[in-house]
>>> print(open('protein_30.cif').read())   # mmCIF, C-alpha atoms
data_coords
loop_
_atom_site.label_atom_id
_atom_site.label_comp_id
_atom_site.auth_asym_id
_atom_site.auth_seq_id
_atom_site.Cartn_x
_atom_site.Cartn_y
_atom_site.Cartn_z
CA MET A 1 130.54 126.11 124.87
CA ASN A 2 131.44 127.69 128.20
CA VAL A 3 133.89 130.51 127.46
CA PRO A 4 135.35 132.74 130.20
CA PRO A 5 135.41 135.83 127.99
CA LEU A 6 137.92 138.13 129.65
CA SER A 7 140.27 135.50 131.09
CA ASN A 8 140.66 133.61 127.80
CA PRO A 9 140.94 136.11 124.96
CA ALA A 10 141.90 133.51 122.36
CA ALA A 11 138.83 131.39 123.11
CA THR A 12 136.67 134.51 123.03
CA ALA A 13 138.20 135.55 119.71
CA ARG A 14 137.54 132.13 118.17
CA LEU A 15 133.93 132.23 119.32
CA ALA A 16 133.46 135.79 118.07
CA LEU A 17 134.89 134.84 114.67
CA SER A 18 132.56 131.87 114.30
CA CYS A 19 129.56 134.07 115.22
CA LEU A 20 130.51 137.15 113.18
CA ASP A 21 128.25 138.74 110.59
CA LEU A 22 130.92 140.57 108.61
CA THR A 23 129.13 143.63 107.34
CA SER A 24 129.32 146.31 104.67
CA LEU A 25 126.36 148.66 104.33
CA ASN A 26 127.86 151.76 102.80
CA ALA A 27 125.56 153.48 100.30
CA GLN A 28 128.27 153.42 97.64
CA ASP A 29 129.17 149.72 97.99
CA THR A 30 130.05 148.01 94.70
CA GLU A 31 130.61 144.41 93.65
CA ALA A 32 134.34 145.02 94.04
CA ASP A 33 133.80 146.06 97.67
CA ILE A 34 131.72 142.98 98.37
CA ALA A 35 134.25 140.71 96.67
CA GLN A 36 136.84 142.01 99.14
CA LEU A 37 134.41 141.52 102.02
CA CYS A 38 133.81 137.92 100.98
CA GLN A 39 137.55 137.28 100.86
CA ARG A 40 137.90 138.70 104.36
CA ALA A 41 135.06 136.44 105.51
CA GLN A 42 137.30 133.43 104.83
CA SER A 43 139.92 134.25 107.44
CA ARG A 44 143.05 132.15 107.83
CA PHE A 45 141.74 131.39 111.32
CA GLY A 46 138.39 130.15 110.03
CA PRO A 47 135.19 131.42 108.44
CA VAL A 48 132.72 133.95 109.77
CA ALA A 49 129.07 132.96 110.18
CA ALA A 50 127.73 135.29 107.49
CA VAL A 51 128.27 138.40 105.46
CA CYS A 52 125.63 141.13 105.59
CA VAL A 53 125.06 143.41 102.58
CA TRP A 54 122.45 145.41 100.69
CA PRO A 55 119.78 143.38 98.85
CA ARG A 56 121.15 144.52 95.48
CA LEU A 57 124.47 142.86 96.30
CA ALA A 58 123.17 139.72 98.04
CA GLY A 59 123.15 137.54 94.93
CA PHE A 60 126.70 138.60 94.07
CA ALA A 61 127.85 137.83 97.62
CA ARG A 62 126.22 134.41 97.49
CA ARG A 63 128.21 133.56 94.36
CA GLN A 64 131.49 134.59 96.02
CA LEU A 65 131.13 132.44 99.12
CA PRO A 66 131.22 128.75 100.01
CA PRO A 67 127.91 127.26 101.18
CA HIS A 68 128.92 127.19 104.86
CA ILE A 69 129.07 131.01 105.03
CA ALA A 70 125.58 132.50 105.00
CA VAL A 71 124.50 135.66 103.22
CA ALA A 72 122.30 138.14 105.07
CA ALA A 73 120.78 141.25 103.56
CA VAL A 74 118.86 144.16 105.05
CA ALA A 75 115.24 145.20 104.52
CA ASN A 76 113.47 148.40 105.54
CA PHE A 77 116.96 149.70 106.25
CA PRO A 78 118.09 151.90 107.88
CA ASP A 79 115.08 154.14 108.51
CA GLY A 80 112.56 151.56 109.72
CA SER A 81 109.75 152.86 107.53
CA ALA A 82 106.14 151.89 108.18
CA ASP A 83 105.78 151.10 104.45
CA VAL A 84 104.78 147.43 104.49
CA GLU A 85 104.87 147.15 100.70
CA ARG A 86 108.47 148.36 100.58
CA ALA A 87 109.61 146.02 103.36
CA VAL A 88 107.93 143.02 101.72
CA ARG A 89 109.40 143.92 98.32
CA GLU A 90 112.90 144.10 99.76
CA ALA A 91 112.44 140.84 101.66
CA GLY A 92 111.30 139.21 98.44
CA GLU A 93 114.38 140.51 96.65
CA ILE A 94 116.54 138.93 99.34
CA VAL A 95 114.73 135.60 99.01
CA GLN A 96 115.20 135.64 95.25
CA SER A 97 118.92 136.42 95.60
CA GLY A 98 119.62 133.09 97.24
CA ALA A 99 120.53 134.65 100.59
CA GLN A 100 119.77 132.78 103.79
CA GLU A 101 118.98 135.61 106.21
CA VAL A 102 116.90 138.79 106.33
CA ASP A 103 117.79 141.60 108.76
CA VAL A 104 114.70 143.83 108.87
CA VAL A 105 114.37 147.13 110.73
CA LEU A 106 111.36 147.32 113.01
CA PRO A 107 109.34 150.52 112.38
CA TYR A 108 110.58 152.06 115.59
CA ALA A 109 109.04 155.50 114.97
CA GLN A 110 105.63 153.82 115.01
CA LEU A 111 106.51 152.13 118.28
CA LEU A 112 107.46 155.48 119.78
CA LEU A 113 104.02 156.77 118.76
CA GLY A 114 102.32 153.82 120.43
CA HIS A 115 101.23 152.26 117.13
CA ASP A 116 102.02 148.69 118.10
CA ALA A 117 99.53 147.26 115.60
CA GLU A 118 101.41 148.90 112.71
CA VAL A 119 104.66 147.44 113.97
CA ALA A 120 103.14 143.98 114.24
CA LYS A 121 101.60 144.25 110.77
CA LEU A 122 104.91 145.01 109.07
CA LEU A 123 106.85 142.34 110.93
CA ALA A 124 104.24 139.69 110.22
CA ALA A 125 104.23 140.59 106.52
CA VAL A 126 108.01 140.33 106.30
CA ARG A 127 107.93 137.03 108.18
CA ARG A 128 105.51 135.63 105.59
CA ALA A 129 107.56 137.01 102.69
CA SER A 130 110.77 135.45 104.01
CA GLU A 131 109.46 132.03 104.99
CA GLY A 132 112.30 129.54 105.20
CA LEU A 133 114.96 132.20 105.82
CA ARG A 134 116.38 133.25 109.18
CA LEU A 135 114.70 136.52 110.22
CA LYS A 136 116.59 138.98 112.40
CA VAL A 137 114.59 141.97 113.62
CA ILE A 138 116.57 145.17 114.25
CA LEU A 139 115.00 147.14 117.11
CA GLU A 140 117.18 150.30 116.89
CA THR A 141 117.60 150.35 120.63
CA GLY A 142 119.75 153.50 120.55
CA VAL A 143 116.65 155.42 119.47
CA LEU A 144 114.14 153.60 121.67
CA LEU A 145 116.43 153.96 124.74
CA ASP A 146 113.69 153.35 127.32
CA PRO A 147 113.91 149.75 128.60
CA ALA A 148 110.10 149.51 128.52
CA LEU A 149 110.09 150.39 124.81
CA ILE A 150 112.91 147.95 124.09
CA LEU A 151 110.95 145.24 125.88
CA ARG A 152 107.81 146.04 123.86
CA ALA A 153 109.78 145.93 120.63
CA SER A 154 111.32 142.61 121.66
CA ARG A 155 107.95 141.06 122.47
CA LEU A 156 106.35 142.27 119.23
CA SER A 157 109.26 140.81 117.28
CA LEU A 158 109.02 137.47 119.05
CA GLU A 159 105.27 137.34 118.51
CA ALA A 160 105.84 137.94 114.78
CA GLY A 161 108.16 134.93 114.54
CA ALA A 162 111.62 136.50 114.70
CA ASP A 163 114.53 134.09 114.78
CA PHE A 164 116.90 136.74 116.19
CA LEU A 165 116.60 140.03 118.03
CA LYS A 166 119.22 142.52 116.84
CA THR A 167 120.08 145.76 118.59
CA SER A 168 120.92 148.31 115.91
CA THR A 169 121.48 149.38 112.34
CA GLY A 170 124.78 150.99 113.26
CA LYS A 171 123.56 154.16 111.55
CA THR A 172 122.48 156.07 114.67
CA ALA A 173 124.46 157.87 117.37
CA ILE A 174 123.95 155.03 119.86
CA SER A 175 124.27 151.43 118.73
CA ALA A 176 124.54 148.28 120.87
CA THR A 177 124.70 148.75 124.63
CA PRO A 178 124.88 146.15 127.41
CA GLU A 179 121.77 147.68 128.98
CA ALA A 180 119.67 147.14 125.86
CA ALA A 181 121.16 143.68 125.37
CA ARG A 182 120.08 142.62 128.85
CA VAL A 183 116.48 143.67 128.18
CA MET A 184 116.37 141.85 124.83
CA LEU A 185 117.99 138.69 126.17
CA GLY A 186 115.62 138.77 129.13
CA ALA A 187 112.64 138.93 126.77
CA ILE A 188 113.90 135.87 124.90
CA ALA A 189 114.59 133.99 128.13
CA ALA A 190 111.12 134.76 129.51
CA ASP A 191 109.23 133.60 126.40
CA PRO A 192 108.48 129.85 126.53
CA ALA A 193 108.32 129.65 122.74
CA ALA A 194 111.57 131.57 122.25
CA HIS A 195 113.98 130.79 125.07
CA ALA A 196 115.45 127.67 123.43
CA ARG A 197 115.14 128.85 119.81
CA VAL A 198 115.59 132.60 119.28
CA GLY A 199 119.03 134.18 119.04
CA PHE A 200 120.55 137.57 119.83
CA LYS A 201 122.72 139.87 117.70
CA PRO A 202 124.45 142.97 119.07
CA SER A 203 125.51 145.23 116.22
CA GLY A 204 127.21 148.57 115.75
CA GLY A 205 130.17 149.89 117.69
CA ILE A 206 131.75 146.50 118.45
CA ARG A 207 135.38 146.93 117.46
CA THR A 208 137.43 144.69 119.77
CA VAL A 209 137.39 141.21 121.23
CA ALA A 210 136.89 142.87 124.62
CA ASP A 211 133.76 144.59 123.26
CA ALA A 212 132.46 141.26 121.99
CA ALA A 213 133.22 139.57 125.32
CA VAL A 214 130.66 141.75 127.09
CA TYR A 215 127.84 140.46 124.89
CA ILE A 216 129.10 136.87 124.95
CA ALA A 217 128.97 136.97 128.74
CA LEU A 218 125.46 138.44 128.77
CA CYS A 219 124.19 135.84 126.32
CA GLU A 220 125.71 133.04 128.37
CA GLU A 221 124.25 134.45 131.59
CA LEU A 222 120.70 134.85 130.30
CA LEU A 223 120.31 132.13 127.66
CA GLY A 224 122.93 129.63 128.83
CA PRO A 225 126.18 128.41 127.26
CA GLN A 226 124.22 126.35 124.74
CA ALA A 227 123.19 129.62 123.05
CA LEU A 228 126.79 130.52 122.19
CA THR A 229 126.65 129.13 118.67
CA PRO A 230 126.12 130.84 115.28
CA GLN A 231 122.55 129.52 115.34
CA ARG A 232 121.76 131.59 118.44
CA PHE A 233 124.38 134.32 118.71
CA ARG A 234 125.81 136.75 116.15
CA ILE A 235 127.93 139.89 116.24
CA GLY A 236 127.20 142.47 113.57
CA ALA A 237 130.42 144.31 112.77
CA SER A 238 133.06 145.09 110.20
CA SER A 239 136.08 146.38 112.11
CA VAL A 240 136.22 143.75 114.87
CA LEU A 241 137.77 141.17 112.53
CA ALA A 242 141.14 142.92 112.65
CA ASP A 243 141.25 142.60 116.45
CA ILE A 244 140.07 138.97 116.34
CA GLU A 245 142.88 138.10 113.94
CA ALA A 246 145.45 139.97 116.02
CA VAL A 247 144.45 138.05 119.15
CA LEU A 248 144.47 134.70 117.35
CA ALA A 249 147.87 135.47 115.82
CA GLY A 250 149.21 135.92 119.34
CA GLU A 251 149.81 139.62 118.89
CA GLY A 252 147.35 140.72 121.54
CA PRO A 253 144.66 143.29 120.75
CA ALA A 254 145.11 145.20 117.52
CA ALA A 255 146.70 148.59 118.19
CA THR A 256 144.07 150.31 116.11
CA ALA A 257 140.96 149.17 114.31
CA PRO A 258 139.72 150.63 111.04
CA ALA A 259 136.61 152.73 111.11
CA GLY A 260 133.59 150.49 110.86
CA SER A 261 131.57 150.39 107.66
CA TYR A 262 128.52 149.23 109.54
#
>>> encode(input="protein_30.cif", output="structure tokens")
Amino acid sequence: MNVPPLSNPAATARLALSCLDLTSLNAQDTEADIAQLCQRAQSRFGPVAAVCVWPRLAGFARRQLPPHIAVAAVANFPDGSADVERAVREAGEIVQSGAQEVDVVLPYAQLLLGHDAEVAKLLAAVRRASEGLRLKVILETGVLLDPALILRASRLSLEAGADFLKTSTGKTAISATPEAARVMLGAIAADPAAHARVGFKPSGGIRTVADAAVYIALCEELLGPQALTPQRFRIGASSVLADIEAVLAGEGPAATAPAGSY
């Protein structure tokens, strides 16, 4: 799907909606909060790709949604611990919940220390524990910052069998940036085993259709228009849905967007 992002806001909004991981990861989230999230996921303009929640709420979310909307849940989140046992336990909980996707935080502090083997060990263990589910690896690029580190994290994730590379937890001062996205997309494009299979997910700080358009354009540039599907491209956000709906309703960009719960 070849979408000119900035010149066709309605087409961009429709694509962003279909690729949206509507997210709530507040510590105090309850079943009532997730019930509301699942209602929002079934927009009058069409469904989102997935909802993303805590593991303890993944089973509840699955029961609230039709089969064509996936459930994702987070593991090793948000701190990116090096505790393999914890990450595997949380991944197992997600599998048992009936969810379809695991968003796991790469142990980025270990990467910063040069402990690549520890990073690889945790990712490989989570990959084994979540066999059959889509695995998105969160690099926390706003902490890594250095393009060389982001590239190393991308390559380690791809080697471990990631299905998606994801920028951020949304819990740090810097979330998704175009600069980090370009490095991650370049790593996917350069990997013969990944370039036609692995997807990309910018997350955190994406609040408008114009924000989303930047990442849509980058994905199209580096992976090709065929990657602009929910199987290869996702947007992790909560507040962007209001702007998507405003654009699709013909109202233009939303005047204000609610604070994100990502």
>>> residues_around(input="protein_30.cif", residues="Ala49 in chain A", least_positions_apart="2", cutoff="12 Å", atoms="all atoms listed in the file", output="VMD selection string")
chain A and resid 14 to 23 38 41 to 43 46 to 47 51 to 52 65 to 72 100 to 101 229 to 237
>>> closest_residue(input="protein_30.cif", among="A:Gly59, A:Gly92, A:Pro9, A:Gly161", to="Ala129 in chain A", atoms="all atoms listed in the file")
A:Gly92
>>> residues_around(input="protein_30.cif", residues="Ala82 in chain A", least_positions_apart="3", cutoff="9 Å", atoms="only C-alpha atoms", output="number ranges by chain")
A: 76, 85-87, 106-110, 118-119, 122
>>> resolve_selection(input="protein_30.cif", expression="the PyMOL selection byres ((chain A and resi 217) around 12)", output="NGL selection string")
:A and (1-7 or 12 or 15-16 or 178 or 181-182 or 185 or 210-216 or 218-225 or 227-228 or 233)
>>> write_last_selection(input="protein_30.cif", atoms="C-alpha atoms", output="compact mmCIF listing (two decimals), keeping the file's coordinate frame")
# COMPACT_ATOMS: atom_id res chain seq x y z
CA MET A 1 130.54 126.11 124.87
CA ASN A 2 131.44 127.69 128.20
CA VAL A 3 133.89 130.51 127.46
CA PRO A 4 135.35 132.74 130.20
CA PRO A 5 135.41 135.83 127.99
CA LEU A 6 137.92 138.13 129.65
CA SER A 7 140.27 135.50 131.09
CA THR A 12 136.67 134.51 123.03
CA LEU A 15 133.93 132.23 119.32
CA ALA A 16 133.46 135.79 118.07
CA PRO A 178 124.88 146.15 127.41
CA ALA A 181 121.16 143.68 125.37
CA ARG A 182 120.08 142.62 128.85
CA LEU A 185 117.99 138.69 126.17
CA ALA A 210 136.89 142.87 124.62
CA ASP A 211 133.76 144.59 123.26
CA ALA A 212 132.46 141.26 121.99
CA ALA A 213 133.22 139.57 125.32
CA VAL A 214 130.66 141.75 127.09
CA TYR A 215 127.84 140.46 124.89
CA ILE A 216 129.10 136.87 124.95
CA LEU A 218 125.46 138.44 128.77
CA CYS A 219 124.19 135.84 126.32
CA GLU A 220 125.71 133.04 128.37
CA GLU A 221 124.25 134.45 131.59
CA LEU A 222 120.70 134.85 130.30
CA LEU A 223 120.31 132.13 127.66
CA GLY A 224 122.93 129.63 128.83
CA PRO A 225 126.18 128.41 127.26
CA ALA A 227 123.19 129.62 123.05
CA LEU A 228 126.79 130.52 122.19
CA PHE A 233 124.38 134.32 118.71
>>> resolve_selection(input="protein_30.cif", expression="the PyMOL selection byres ((chain A and resi 142-158) around 10)", output="ChimeraX atom specification")
/A:106-109,111-112,114,116-117,119-121,123-124,127,135-141,159-177,179-188,190-191,193-194,198
>>> residues_around(input="protein_30.cif", residues="Ser97 in chain A", least_positions_apart="4", cutoff="10 Å", atoms="all atoms listed in the file", output="list of chain:residue names")
A:Pro55, A:Arg56, A:Leu57, A:Ala58, A:Gly59, A:Phe60, A:Ala61, A:Arg62, A:Arg63, A:Val71, A:Ala73, A:Ala91, A:Gly92, A:Glu93
>>> decode(input="protein_30.cif", residues="range 148-161 of chain A", atoms="all heavy atoms", output="short mmCIF file (atom, residue, chain, number, x, y, z; two decimals), in the first residue's frame")
data_model
loop_
_atom_site.label_atom_id
_atom_site.label_comp_id
_atom_site.auth_asym_id
_atom_site.auth_seq_id
_atom_site.Cartn_x
_atom_site.Cartn_y
_atom_site.Cartn_z
N ALA A 148 25.35 3.18 17.17
CA ALA A 148 26.08 1.91 17.17
C ALA A 148 25.47 0.94 18.17
O ALA A 148 25.39 -0.27 17.92
CB ALA A 148 27.56 2.15 17.49
N LEU A 149 25.04 1.44 19.32
CA LEU A 149 24.39 0.59 20.32
C LEU A 149 23.02 0.14 19.83
O LEU A 149 22.62 -1.02 20.04
CB LEU A 149 24.24 1.34 21.64
CG LEU A 149 25.51 1.54 22.47
CD1 LEU A 149 25.23 2.46 23.65
CD2 LEU A 149 26.04 0.19 22.96
N ILE A 150 22.29 1.03 19.19
CA ILE A 150 20.97 0.67 18.67
C ILE A 150 21.11 -0.40 17.59
O ILE A 150 20.32 -1.35 17.53
CB ILE A 150 20.25 1.92 18.13
CG1 ILE A 150 19.95 2.88 19.28
CG2 ILE A 150 18.96 1.54 17.40
CD1 ILE A 150 19.48 4.25 18.85
N LEU A 151 22.14 -0.28 16.77
CA LEU A 151 22.39 -1.29 15.75
C LEU A 151 22.74 -2.63 16.38
O LEU A 151 22.24 -3.68 15.95
CB LEU A 151 23.51 -0.82 14.82
CG LEU A 151 23.86 -1.77 13.66
CD1 LEU A 151 22.65 -2.01 12.77
CD2 LEU A 151 25.03 -1.21 12.85
N ARG A 152 23.58 -2.62 17.41
CA ARG A 152 23.92 -3.87 18.11
C ARG A 152 22.69 -4.52 18.72
O ARG A 152 22.47 -5.73 18.61
CB ARG A 152 24.96 -3.61 19.21
CG ARG A 152 26.39 -3.76 18.74
CD ARG A 152 27.38 -3.32 19.78
NE ARG A 152 27.19 -3.92 21.08
CZ ARG A 152 27.63 -3.39 22.23
NH1 ARG A 152 28.25 -2.23 22.22
NH2 ARG A 152 27.44 -4.02 23.37
N ALA A 153 21.86 -3.71 19.35
CA ALA A 153 20.63 -4.23 19.95
C ALA A 153 19.72 -4.82 18.88
O ALA A 153 19.11 -5.88 19.08
CB ALA A 153 19.92 -3.13 20.72
N SER A 154 19.63 -4.15 17.75
CA SER A 154 18.80 -4.64 16.65
C SER A 154 19.30 -5.99 16.15
O SER A 154 18.51 -6.93 15.95
CB SER A 154 18.80 -3.62 15.50
OG SER A 154 18.25 -2.38 15.90
N ARG A 155 20.60 -6.08 15.95
CA ARG A 155 21.17 -7.33 15.42
C ARG A 155 21.01 -8.48 16.40
O ARG A 155 20.68 -9.61 16.00
CB ARG A 155 22.64 -7.11 15.06
CG ARG A 155 22.82 -6.25 13.81
CD ARG A 155 24.28 -5.92 13.56
NE ARG A 155 24.45 -5.25 12.26
CZ ARG A 155 25.57 -4.66 11.88
NH1 ARG A 155 26.63 -4.65 12.70
NH2 ARG A 155 25.64 -4.07 10.70
N LEU A 156 21.23 -8.22 17.69
CA LEU A 156 21.04 -9.27 18.70
C LEU A 156 19.59 -9.74 18.72
O LEU A 156 19.31 -10.93 18.88
CB LEU A 156 21.46 -8.75 20.07
CG LEU A 156 22.97 -8.61 20.30
CD1 LEU A 156 23.23 -7.79 21.56
CD2 LEU A 156 23.62 -9.99 20.42
N SER A 157 18.66 -8.82 18.58
CA SER A 157 17.24 -9.17 18.58
C SER A 157 16.88 -10.01 17.36
O SER A 157 16.15 -11.01 17.47
CB SER A 157 16.39 -7.90 18.61
OG SER A 157 16.68 -7.12 19.76
N LEU A 158 17.40 -9.61 16.21
CA LEU A 158 17.14 -10.38 14.99
C LEU A 158 17.73 -11.78 15.08
O LEU A 158 17.10 -12.77 14.69
CB LEU A 158 17.69 -9.63 13.78
CG LEU A 158 17.02 -8.29 13.46
CD1 LEU A 158 17.77 -7.58 12.34
CD2 LEU A 158 15.56 -8.47 13.10
N GLU A 159 18.93 -11.87 15.62
CA GLU A 159 19.58 -13.18 15.76
C GLU A 159 18.80 -14.09 16.70
O GLU A 159 18.81 -15.32 16.54
CB GLU A 159 21.01 -13.00 16.27
CG GLU A 159 21.96 -12.41 15.23
CD GLU A 159 23.28 -11.94 15.83
OE1 GLU A 159 23.51 -12.18 17.04
OE2 GLU A 159 24.07 -11.33 15.08
N ALA A 160 18.11 -13.49 17.67
CA ALA A 160 17.34 -14.28 18.64
C ALA A 160 15.97 -14.70 18.10
O ALA A 160 15.26 -15.46 18.76
CB ALA A 160 17.14 -13.47 19.92
N GLY A 161 15.60 -14.21 16.92
CA GLY A 161 14.34 -14.61 16.32
C GLY A 161 13.20 -13.65 16.51
O GLY A 161 12.02 -14.04 16.43
#
